[in-house]
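J.: Got a structure for you, input_24.txt, holding compact mmCIF, C-alpha atoms and all ligand atoms.
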```txt
# COMPACT_ATOMS: atom_id res chain seq x y z
CA MET A 1 24.42 18.55 -30.26
CA LEU A 2 26.74 20.81 -28.30
CA ILE A 3 27.43 19.49 -24.82
CA TYR A 4 28.59 21.58 -21.89
CA ALA A 5 31.37 19.61 -20.21
CA ASN A 6 32.92 21.32 -17.21
CA GLY A 7 33.68 24.67 -18.80
CA LYS A 8 34.01 23.45 -22.41
CA TRP A 9 31.49 23.45 -25.23
CA VAL A 10 32.00 20.33 -27.33
CA GLU A 11 30.11 18.30 -29.91
CA ALA A 12 28.48 15.30 -28.20
CA GLU A 13 30.70 12.72 -29.92
CA HIS A 14 33.84 14.50 -28.65
CA ALA A 15 32.63 15.21 -25.11
CA SER A 16 34.50 13.34 -22.39
CA ILE A 17 34.57 12.93 -18.63
CA PRO A 18 37.93 12.62 -16.86
CA PHE A 19 38.54 9.02 -15.84
CA ASN A 20 39.08 10.06 -12.20
CA ASP A 21 35.97 12.22 -11.87
CA GLN A 22 34.28 11.33 -8.56
CA GLY A 23 30.95 11.01 -10.38
CA PHE A 24 32.37 8.35 -12.69
CA LEU A 25 34.35 6.57 -9.97
CA TYR A 26 31.77 6.52 -7.16
CA GLY A 27 28.46 7.88 -8.44
CA ASP A 28 29.47 10.95 -6.41
CA SER A 29 27.15 13.26 -8.33
CA LEU A 30 23.66 14.72 -8.50
CA PHE A 31 21.50 15.34 -11.52
CA GLU A 32 18.37 17.11 -12.65
CA THR A 33 16.20 16.50 -15.69
CA ILE A 34 14.53 19.74 -16.68
CA ARG A 35 11.74 20.23 -19.14
CA VAL A 36 12.34 22.80 -21.85
CA ASN A 37 9.06 24.13 -23.23
CA ARG A 38 9.15 26.62 -26.09
CA GLY A 39 12.83 27.19 -25.43
CA LYS A 40 12.35 27.91 -21.70
CA PRO A 41 13.31 25.71 -18.75
CA PHE A 42 10.23 24.79 -16.71
CA ARG A 43 10.58 25.79 -13.04
CA LEU A 44 14.34 25.89 -13.12
CA ASP A 45 14.36 27.48 -9.67
CA LYS A 46 12.72 24.36 -8.19
CA HIS A 47 15.25 22.09 -9.87
CA LEU A 48 18.14 24.18 -8.56
CA ASP A 49 16.65 24.21 -5.05
CA ARG A 50 16.42 20.43 -5.17
CA MET A 51 19.99 20.15 -6.42
CA ARG A 52 21.16 22.48 -3.65
CA SER A 53 19.32 20.40 -1.07
CA GLY A 54 20.97 17.23 -2.45
CA MET A 55 24.38 18.93 -2.32
CA ASN A 56 23.79 19.85 1.32
CA THR A 57 22.84 16.26 2.10
CA VAL A 58 26.03 14.86 0.54
CA HIS A 59 28.21 17.80 1.73
CA MET A 60 29.12 18.97 -1.75
CA ASP A 61 30.16 22.59 -1.66
CA GLY A 62 29.29 24.24 -4.98
CA GLU A 63 27.21 27.38 -4.56
CA PHE A 64 29.38 29.14 -7.15
CA GLN A 65 28.82 26.38 -9.73
CA LEU A 66 25.07 26.31 -8.97
CA ALA A 67 24.81 30.04 -9.55
CA GLU A 68 26.32 29.62 -13.01
CA ILE A 69 23.79 27.04 -14.18
CA PRO A 70 20.98 29.39 -15.38
CA SER A 71 23.26 31.26 -17.80
CA ILE A 72 24.99 28.08 -19.03
CA LEU A 73 21.62 26.44 -19.57
CA LYS A 74 20.36 29.48 -21.47
CA LYS A 75 23.34 29.27 -23.80
CA PHE A 76 22.88 25.49 -24.09
CA ILE A 77 19.25 25.95 -25.16
CA SER A 78 20.04 28.65 -27.70
CA SER A 79 23.16 26.95 -29.13
CA ASN A 80 21.23 23.75 -29.70
CA GLN A 81 18.09 25.62 -30.78
CA LEU A 82 16.02 23.55 -28.34
CA GLU A 83 12.28 24.09 -28.45
CA ASN A 84 10.84 21.18 -26.48
CA ALA A 85 13.35 18.83 -24.87
CA LEU A 86 14.64 17.31 -21.64
CA ALA A 87 17.85 18.98 -20.51
CA ARG A 88 20.00 17.04 -18.08
CA ILE A 89 22.28 18.83 -15.66
CA ILE A 90 24.85 16.79 -13.77
CA ILE A 91 27.05 18.10 -10.99
CA THR A 92 29.88 15.83 -9.86
CA ARG A 93 32.37 16.31 -7.06
CA GLY A 94 34.96 16.79 -9.80
CA VAL A 95 38.34 15.20 -10.42
CA SER A 96 39.35 13.19 -7.37
CA THR A 97 41.91 15.10 -5.31
CA GLY A 98 43.11 13.80 -1.95
CA THR A 99 41.24 10.81 -0.52
CA PRO A 100 38.08 9.85 -2.44
CA TRP A 101 35.90 10.49 0.62
CA ARG A 102 37.45 13.92 1.20
CA SER A 103 38.06 15.08 -2.34
CA THR A 104 38.75 18.80 -2.35
CA ALA A 105 38.29 19.47 -6.07
CA ASP A 106 35.74 21.97 -7.38
CA PRO A 107 32.48 20.38 -8.55
CA ALA A 108 32.11 19.89 -12.30
CA ILE A 109 28.97 20.61 -14.31
CA TYR A 110 27.81 18.76 -17.41
CA ILE A 111 24.74 19.54 -19.52
CA SER A 112 23.20 17.43 -22.28
CA SER A 113 19.68 16.89 -23.56
CA ARG A 114 17.36 14.39 -25.20
CA SER A 115 14.02 14.60 -26.89
CA ILE A 116 10.67 14.16 -25.15
CA ASN A 117 8.87 10.91 -25.83
CA GLU A 118 5.19 11.78 -25.40
CA VAL A 119 3.15 8.81 -24.16
CA THR A 120 -0.34 9.17 -25.58
CA ASP A 121 -1.62 5.63 -25.14
CA TRP A 122 -2.76 5.41 -21.53
CA PRO A 123 -3.45 4.02 -18.95
CA VAL A 124 -0.06 2.33 -18.87
CA LYS A 125 0.52 -0.76 -16.76
CA VAL A 126 2.47 -0.62 -13.49
CA VAL A 127 3.64 -3.39 -11.15
CA PHE A 128 4.28 -3.14 -7.43
CA LEU A 129 7.83 -4.15 -6.52
CA GLU A 130 9.35 -4.52 -3.09
CA GLU A 131 11.98 -1.92 -2.44
CA LYS A 132 14.04 -4.32 -0.33
CA ASN A 133 14.92 -6.27 -3.50
CA TYR A 134 16.66 -3.25 -5.01
CA PRO A 135 19.63 -1.23 -3.76
CA ILE A 136 17.72 1.99 -3.12
CA LEU A 137 18.93 4.42 -0.48
CA ARG A 138 16.23 6.71 0.83
CA PHE A 139 17.47 9.91 2.35
CA HIS A 140 15.26 12.51 3.89
CA PRO A 141 15.23 14.90 2.13
CA ALA A 142 15.50 12.61 -0.86
CA ILE A 143 18.31 13.30 -3.31
CA LYS A 144 18.65 12.76 -7.02
CA SER A 145 22.12 11.25 -6.93
CA GLY A 146 24.17 9.47 -9.58
CA ASN A 147 23.38 6.16 -7.83
CA TYR A 148 20.32 5.01 -9.75
CA LEU A 149 21.26 1.37 -10.09
CA GLY A 150 18.32 0.11 -7.98
CA ASN A 151 15.90 2.31 -9.91
CA MET A 152 17.24 1.07 -13.24
CA LEU A 153 17.15 -2.61 -12.21
CA ALA A 154 13.56 -2.23 -11.02
CA LYS A 155 12.59 -0.45 -14.22
CA LYS A 156 14.04 -3.33 -16.25
CA ASP A 157 12.22 -5.95 -14.11
CA ALA A 158 8.97 -4.00 -14.53
CA GLU A 159 9.41 -3.92 -18.30
CA ASP A 160 10.20 -7.65 -18.30
CA ALA A 161 6.85 -8.11 -16.53
CA GLY A 162 5.10 -6.21 -19.34
CA ALA A 163 4.77 -2.95 -17.35
CA PHE A 164 5.76 0.62 -18.10
CA GLU A 165 6.99 1.46 -14.60
CA PRO A 166 7.43 -0.15 -11.17
CA VAL A 167 5.77 1.30 -8.08
CA PHE A 168 7.79 0.60 -4.94
CA VAL A 169 6.48 -0.70 -1.65
CA ASN A 170 8.84 -0.24 1.29
CA ARG A 171 9.65 -2.65 4.11
CA ASP A 172 6.72 -1.35 6.15
CA GLY A 173 4.24 -1.99 3.34
CA TYR A 174 3.88 1.68 2.32
CA VAL A 175 3.79 2.78 -1.29
CA THR A 176 6.65 5.23 -1.94
CA GLU A 177 7.23 6.21 -5.57
CA CYS A 178 8.28 4.75 -8.90
CA ALA A 179 11.74 4.11 -10.35
CA ILE A 180 11.84 7.52 -12.04
CA ARG A 181 8.43 8.98 -11.24
CA ASN A 182 6.10 9.89 -8.39
CA VAL A 183 2.74 8.24 -7.88
CA PHE A 184 -0.71 9.69 -7.12
CA PHE A 185 -4.12 8.25 -6.30
CA ILE A 186 -7.58 9.77 -6.20
CA LYS A 187 -10.17 8.58 -3.68
CA ASP A 188 -13.53 10.28 -3.10
CA GLY A 189 -12.36 13.47 -4.82
CA ILE A 190 -9.16 13.71 -2.74
CA LEU A 191 -5.74 13.66 -4.37
CA LEU A 192 -3.36 11.43 -2.40
CA THR A 193 0.38 11.01 -2.81
CA PRO A 194 3.00 9.34 -0.59
CA ALA A 195 4.48 11.74 1.96
CA LEU A 196 8.05 13.04 1.56
CA GLU A 197 8.92 11.69 5.02
CA LEU A 198 9.14 8.26 3.35
CA GLY A 199 12.22 9.48 1.47
CA VAL A 200 10.25 10.12 -1.71
CA LEU A 201 11.80 12.47 -4.26
CA PRO A 202 10.03 15.86 -4.18
CA GLY A 203 9.24 15.85 -7.90
CA VAL A 204 8.93 19.23 -9.57
CA ILE A 205 5.90 17.87 -11.42
CA ARG A 206 4.57 16.36 -8.16
CA ASP A 207 4.51 19.88 -6.69
CA THR A 208 3.01 21.35 -9.85
CA ILE A 209 0.22 18.75 -9.86
CA MET A 210 -0.67 19.50 -6.25
CA GLU A 211 -0.99 23.18 -7.17
CA LEU A 212 -3.11 22.41 -10.23
CA ALA A 213 -5.35 20.11 -8.18
CA GLN A 214 -5.92 22.82 -5.58
CA ARG A 215 -6.82 25.27 -8.34
CA ARG A 216 -9.43 22.73 -9.46
CA GLY A 217 -10.84 22.59 -5.93
CA LEU A 218 -9.52 19.11 -5.14
CA LYS A 219 -8.32 18.39 -1.62
CA VAL A 220 -4.69 17.30 -1.57
CA ARG A 221 -3.14 14.99 1.00
CA GLU A 222 0.42 13.82 1.31
CA SER A 223 -0.08 10.67 3.30
CA LEU A 224 0.97 7.13 4.17
CA ILE A 225 -0.67 4.75 1.75
CA ILE A 226 -0.42 1.03 2.39
CA GLN A 227 -0.31 -1.28 -0.57
CA ASP A 228 -3.51 -3.05 0.53
CA ASP A 229 -5.41 0.24 0.09
CA VAL A 230 -4.59 0.79 -3.57
CA MET A 231 -7.30 -1.56 -4.85
CA ASN A 232 -9.90 0.77 -3.30
CA MET A 233 -8.62 3.89 -5.06
CA ASP A 234 -10.77 5.53 -7.73
CA GLU A 235 -7.92 6.67 -9.96
CA ALA A 236 -4.15 6.44 -10.18
CA PHE A 237 -1.43 8.15 -12.18
CA ILE A 238 2.32 8.65 -12.18
CA SER A 239 4.17 11.91 -12.77
CA SER A 240 7.53 13.20 -13.94
CA THR A 241 9.20 15.86 -16.03
CA GLY A 242 9.29 13.41 -18.93
CA VAL A 243 5.72 12.04 -18.88
CA GLY A 244 3.81 14.79 -17.06
CA VAL A 245 0.64 13.16 -15.72
CA LEU A 246 0.27 9.57 -16.93
CA PRO A 247 -2.75 7.49 -15.80
CA VAL A 248 -1.86 3.95 -14.72
CA ARG A 249 -3.52 0.60 -14.10
CA TRP A 250 -2.30 -2.61 -12.56
CA ASP A 251 -3.76 -6.08 -12.91
CA GLY A 252 -7.34 -5.98 -11.63
CA PHE A 253 -7.63 -2.16 -11.42
CA LYS A 254 -10.24 -0.26 -13.41
CA SER A 255 -10.93 3.48 -13.48
CA GLU A 256 -12.63 6.23 -15.44
CA TYR A 257 -9.64 8.57 -14.79
CA THR A 258 -11.93 11.60 -14.65
CA HIS A 259 -9.80 13.85 -12.43
CA SER A 260 -6.55 12.45 -13.82
CA GLU A 261 -7.52 13.49 -17.30
CA VAL A 262 -8.34 17.04 -16.19
CA LEU A 263 -4.99 17.33 -14.40
CA ARG A 264 -3.18 15.86 -17.38
CA LYS A 265 -4.73 18.47 -19.67
CA ASP A 266 -4.05 21.31 -17.20
CA LEU A 267 -0.39 20.33 -17.04
CA ILE A 268 -0.05 20.08 -20.82
CA GLU A 269 -1.61 23.54 -21.09
CA LEU A 270 0.86 24.88 -18.55
CA PHE A 271 3.76 23.31 -20.49
CA GLU A 272 2.48 24.69 -23.79
CA SER A 273 2.15 28.17 -22.34
CA GLY A 274 5.94 28.16 -21.99
CA GLU A 275 5.51 29.39 -18.40
CA SER A 276 8.85 29.01 -16.72
CA TYR A 277 9.29 30.51 -13.27
CA VAL A 278 5.83 30.44 -11.72
CA THR A 279 5.86 29.05 -8.19
C1 LIG B 301 12.92 8.52 -8.15
C2 LIG B 301 12.20 9.63 -8.86
N1 LIG B 301 11.01 10.04 -8.39
C3 LIG B 301 10.32 11.03 -8.99
C4 LIG B 301 10.81 11.67 -10.12
C5 LIG B 301 10.00 12.78 -10.76
O1 LIG B 301 10.62 14.02 -10.53
P1 LIG B 301 10.28 15.28 -11.46
O2 LIG B 301 8.81 15.53 -11.34
O3 LIG B 301 11.08 16.39 -10.88
O4 LIG B 301 10.68 14.91 -12.85
C6 LIG B 301 12.05 11.29 -10.62
C7 LIG B 301 12.59 11.99 -11.79
O5 LIG B 301 13.60 11.66 -12.32
C8 LIG B 301 12.77 10.26 -9.98
O6 LIG B 301 13.95 9.87 -10.44
```
How does this structure look as structure tokens?

T.:
Amino acid sequence: MLIYANGKWVEAEHASIPFNDQGFLYGDSLFETIRVNRGKPFRLDKHLDRMRSGMNTVHMDGEFQLAEIPSILKKFISSNQLENALARIIITRGVSTGTPWRSTADPAIYISSRSINEVTDWPVKVVFLEEKNYPILRFHPAIKSGNYLGNMLAKKDAEDAGAFEPVFVNRDGYVTECAIRNVFFIKDGILLTPALELGVLPGVIRDTIMELAQRRGLKVRESLIIQDDVMNMDEAFISSTGVGVLPVRWDGFKSEYTHSEVLRKDLIELFESGESYVT
């Protein structure tokens, strides 16, 4: 695979990151995982908006670099002959120049990709984990930064507990999101998902699902959901660029997943259509 590494096109095994890149030294970076369907990036504009918003939050000045991403990604997709894949774009604050907290270097962009692992055997198990036990910083608006240690530790603990994914509960008892996914519930025909004000990542697929649900005539509510309420939900699923809509269960929860299955199919259809820029 050809990797794009800060202006150079290199085979993956020869790609390198400068030792003093701020992203490597301090996690001073942001990233996006973008779905490529039939050779086209799915909702690239939304991913770039989210990256821009993250850059504003961490005061990273890189409008020029952001503007270059669509054409670099296009070349990346064609050079690697990608049909269906997950492309990963990373922007770091670049090679450390001056003090680490005031580095004046230009941001650096890296692009790689991996294949999509379709999960067909659902519902998958989730466990509720307390956010306070993991080093997770919640900004509002939430950012997709290079600091994913808490998310990764929680994911590992969830797997050790026989689950596919953790679902976090914050200090106030509200459900927020998963380690690398958003979470949805359905109750009495209403689609519910934790509100962004909790510092939840505005998932590109989260947005897409809300649109698809509205098209299906479902009411959609971004709300505050306390953990005690989840047992009374009719359905539950998680969402991300990688898994799309994935129905979930936790110990003691049973569901027919009627609406979830419809939304899952609608999303797969949208992916398979190769639709890229619809908003
Ligand atoms: C913490 C977190 N929440 C939600 C998501 C889902 O976002 P998207 O739908 O854009 O893939 C991700 C994706 O990586 C994530 O890391």

J.: Contacts between ligand LIG 301 (chain B) and chain A, please, where a residue of chain A counts if it comes within 7 Å (with all atoms listed in the file); show its shortest atom pair and distance in Å to one decimal, rows by chain and ascending number, as CSV.

T.:
```
residue,atom,partner,partner_atom,distance
A:Thr33,CA,B:LIG301,O4,6.4
A:Lys144,CA,B:LIG301,O6,6.5
A:Glu177,CA,B:LIG301,N1,6.1
A:Cys178,CA,B:LIG301,N1,6.0
A:Ala179,CA,B:LIG301,C1,5.1
A:Ile180,CA,B:LIG301,O6,3.5
A:Arg181,CA,B:LIG301,C3,3.6
A:Asn182,CA,B:LIG301,C3,4.4
A:Val200,CA,B:LIG301,N1,6.7
A:Leu201,CA,B:LIG301,N1,4.9
A:Pro202,CA,B:LIG301,O1,6.6
A:Gly203,CA,B:LIG301,O2,3.5
A:Val204,CA,B:LIG301,O3,3.8
A:Ile205,CA,B:LIG301,O2,3.7
A:Arg206,CA,B:LIG301,O2,5.4
A:Ser239,CA,B:LIG301,O2,6.1
A:Ser240,CA,B:LIG301,O2,3.7
A:Thr241,CA,B:LIG301,O4,3.6
A:Gly242,CA,B:LIG301,O4,6.4
```

J.: Which of these residues is nearest to Glu235 of chain A, using all atoms listed in the file: A:Leu86, A:Met152, A:Ile69, A:Val183?

T.: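 Closest to Glu235 of chain A, using all atoms listed in the file: A:Val183.
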
J.: From the options A:Leu44, A:Leu191, A:Met231, A:Val243, which residue's atoms come nearest to Ser260 of chain A, counting all atoms listed in the file?

T.: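 Between A:Leu44, A:Leu191, A:Met231, A:Val243, the residue approaching Ser260 of chain A most closely is A:Leu191.
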
J.: Here is a test: counting only C-alpha atoms, which residue of A:Val36, A:Met1, A:Leu30, A:Ile77 is nearest to Arg50 of chain A?

T.: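 Smallest separation from Arg50 of chain A among the options: A:Leu30.
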
J.: So that I can check the surroundings of Leu224 of chain A, please list as number ranges by chain every protein, DNA and RNA residue that reaches within 7 Å of it, counting only C-alpha atoms and ignoring chain neighbours fewer than 2 positions away.

T.: A: 174, 194-195, 226

J.: Applying 12 Å and only C-alpha atoms, which residues near Arg102 of chain A remain after dropping the ones on its own chain fewer than 3 positions away? List them as a PyMOL selection string.

T.: chain A and resi 22+28+58-61+93-99+105-106

J.: Please determine the residues with any atom at most 12 Å from (-2.4, 22.5, -7.8) (coordinates as given in the file, with all atoms listed in the file counting) and report them as number ranges by chain.

T.: A: 191, 204-221, 262-264, 266-267, 270, 279

J.: Of the residues A:Gly150, A:Pro141, A:Pro135, A:Pro123, which is the one nearest to Phe237 of chain A, using only C-alpha atoms?

T.: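 The closest residue to Phe237 of chain A is A:Pro123.
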
J.: Kindly provide the residues of segment 108-141 of chain A that approach segment 156-159 of chain A to within 9 Å, each paired with its closest atom pair and their distance in Å to one decimal, based on only C-alpha atoms, listed by chain and increasing number, as CSV.

T.:
```
residue,atom,partner,partner_atom,distance
A:Val126,CA,A:Ala158,CA,7.4
A:Val127,CA,A:Ala158,CA,6.3
A:Phe128,CA,A:Ala158,CA,8.6
A:Leu129,CA,A:Ala158,CA,8.1
```

J.: Could you tell me how far atom CA of Ile3 of chain A lies from atom CA of Asp49 of chain A, in Å and to one decimal?

T.: 23.0 Å

J.: Please determine, counting all atoms listed in the file, which residue among A:Tyr4, A:Phe271, A:Phe19, A:Tyr134 has the shortest atom-to-atom distance to Ile111 of chain A.

T.: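 So, comparing all the options, the nearest one is A:Tyr4.
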
J.: Around all the atoms of segment 78-87 of chain A listed in the file, draw an axis-aligned box and extend it by 5 Å on each of the six sides; I want its centre and edge lengths in Å to one decimal, as AutoDock Vina command-line options.

T.:
```
--center_x 17.0 --center_y 23.0 --center_z -25.6 --size_x 22.3 --size_y 21.3 --size_z 20.3
```

J.: Which residue, A:Leu25, A:Leu153, A:Ile268, A:Met233, has the smallest gap to Arg249 of chain A when you use only C-alpha atoms?

T.: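 Ranked by minimum distance to Arg249 of chain A, first place goes to A:Met233.
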
J.: Between atom CA of Ala87 of chain A and atom CA of Ala154 of chain A, what is the distance, to one decimal in Å?

T.: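 About the pair atom CA of Ala87 of chain A and atom CA of Ala154 of chain A: they are 23.6 Å apart.
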
J.: So the first atom is atom CA of Gln65 of chain A and the second is atom CA of Ile109 of chain A; what is the distance between them in Å, to one decimal place?

T.: 7.4 Å

J.: Can I get C-alpha atoms for segment 169-197 of chain A, as a tab-separated table (two decimals), in the first residue's frame?

T.:
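Output contents, as saved in selection_17.tsv:
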```tsv
chain	number	residue	atom	x	y	z
A	169	VAL	CA	-21.64	6.17	31.69
A	170	ASN	CA	-20.41	9.55	32.91
A	171	ARG	CA	-20.03	10.82	36.48
A	172	ASP	CA	-23.63	12.04	36.49
A	173	GLY	CA	-24.98	8.63	35.49
A	174	TYR	CA	-25.72	9.57	31.86
A	175	VAL	CA	-24.93	7.27	28.96
A	176	THR	CA	-22.53	9.04	26.57
A	177	GLU	CA	-21.10	6.90	23.77
A	178	CYS	CA	-18.83	3.92	23.17
A	179	ALA	CA	-15.04	3.70	22.93
A	180	ILE	CA	-15.09	4.15	19.15
A	181	ARG	CA	-18.81	4.30	18.35
A	182	ASN	CA	-22.02	6.17	19.14
A	183	VAL	CA	-24.99	4.52	20.79
A	184	PHE	CA	-28.72	4.62	19.98
A	185	PHE	CA	-31.87	3.31	21.63
A	186	ILE	CA	-35.43	2.94	20.41
A	187	LYS	CA	-38.37	3.38	22.77
A	188	ASP	CA	-42.01	3.50	21.66
A	189	GLY	CA	-41.02	4.19	18.05
A	190	ILE	CA	-38.70	7.09	18.99
A	191	LEU	CA	-35.01	7.00	18.15
A	192	LEU	CA	-32.94	8.26	21.09
A	193	THR	CA	-29.25	9.06	21.23
A	194	PRO	CA	-27.14	10.88	23.85
A	195	ALA	CA	-26.99	14.63	23.23
A	196	LEU	CA	-23.79	16.26	21.93
A	197	GLU	CA	-23.75	18.58	24.95
```
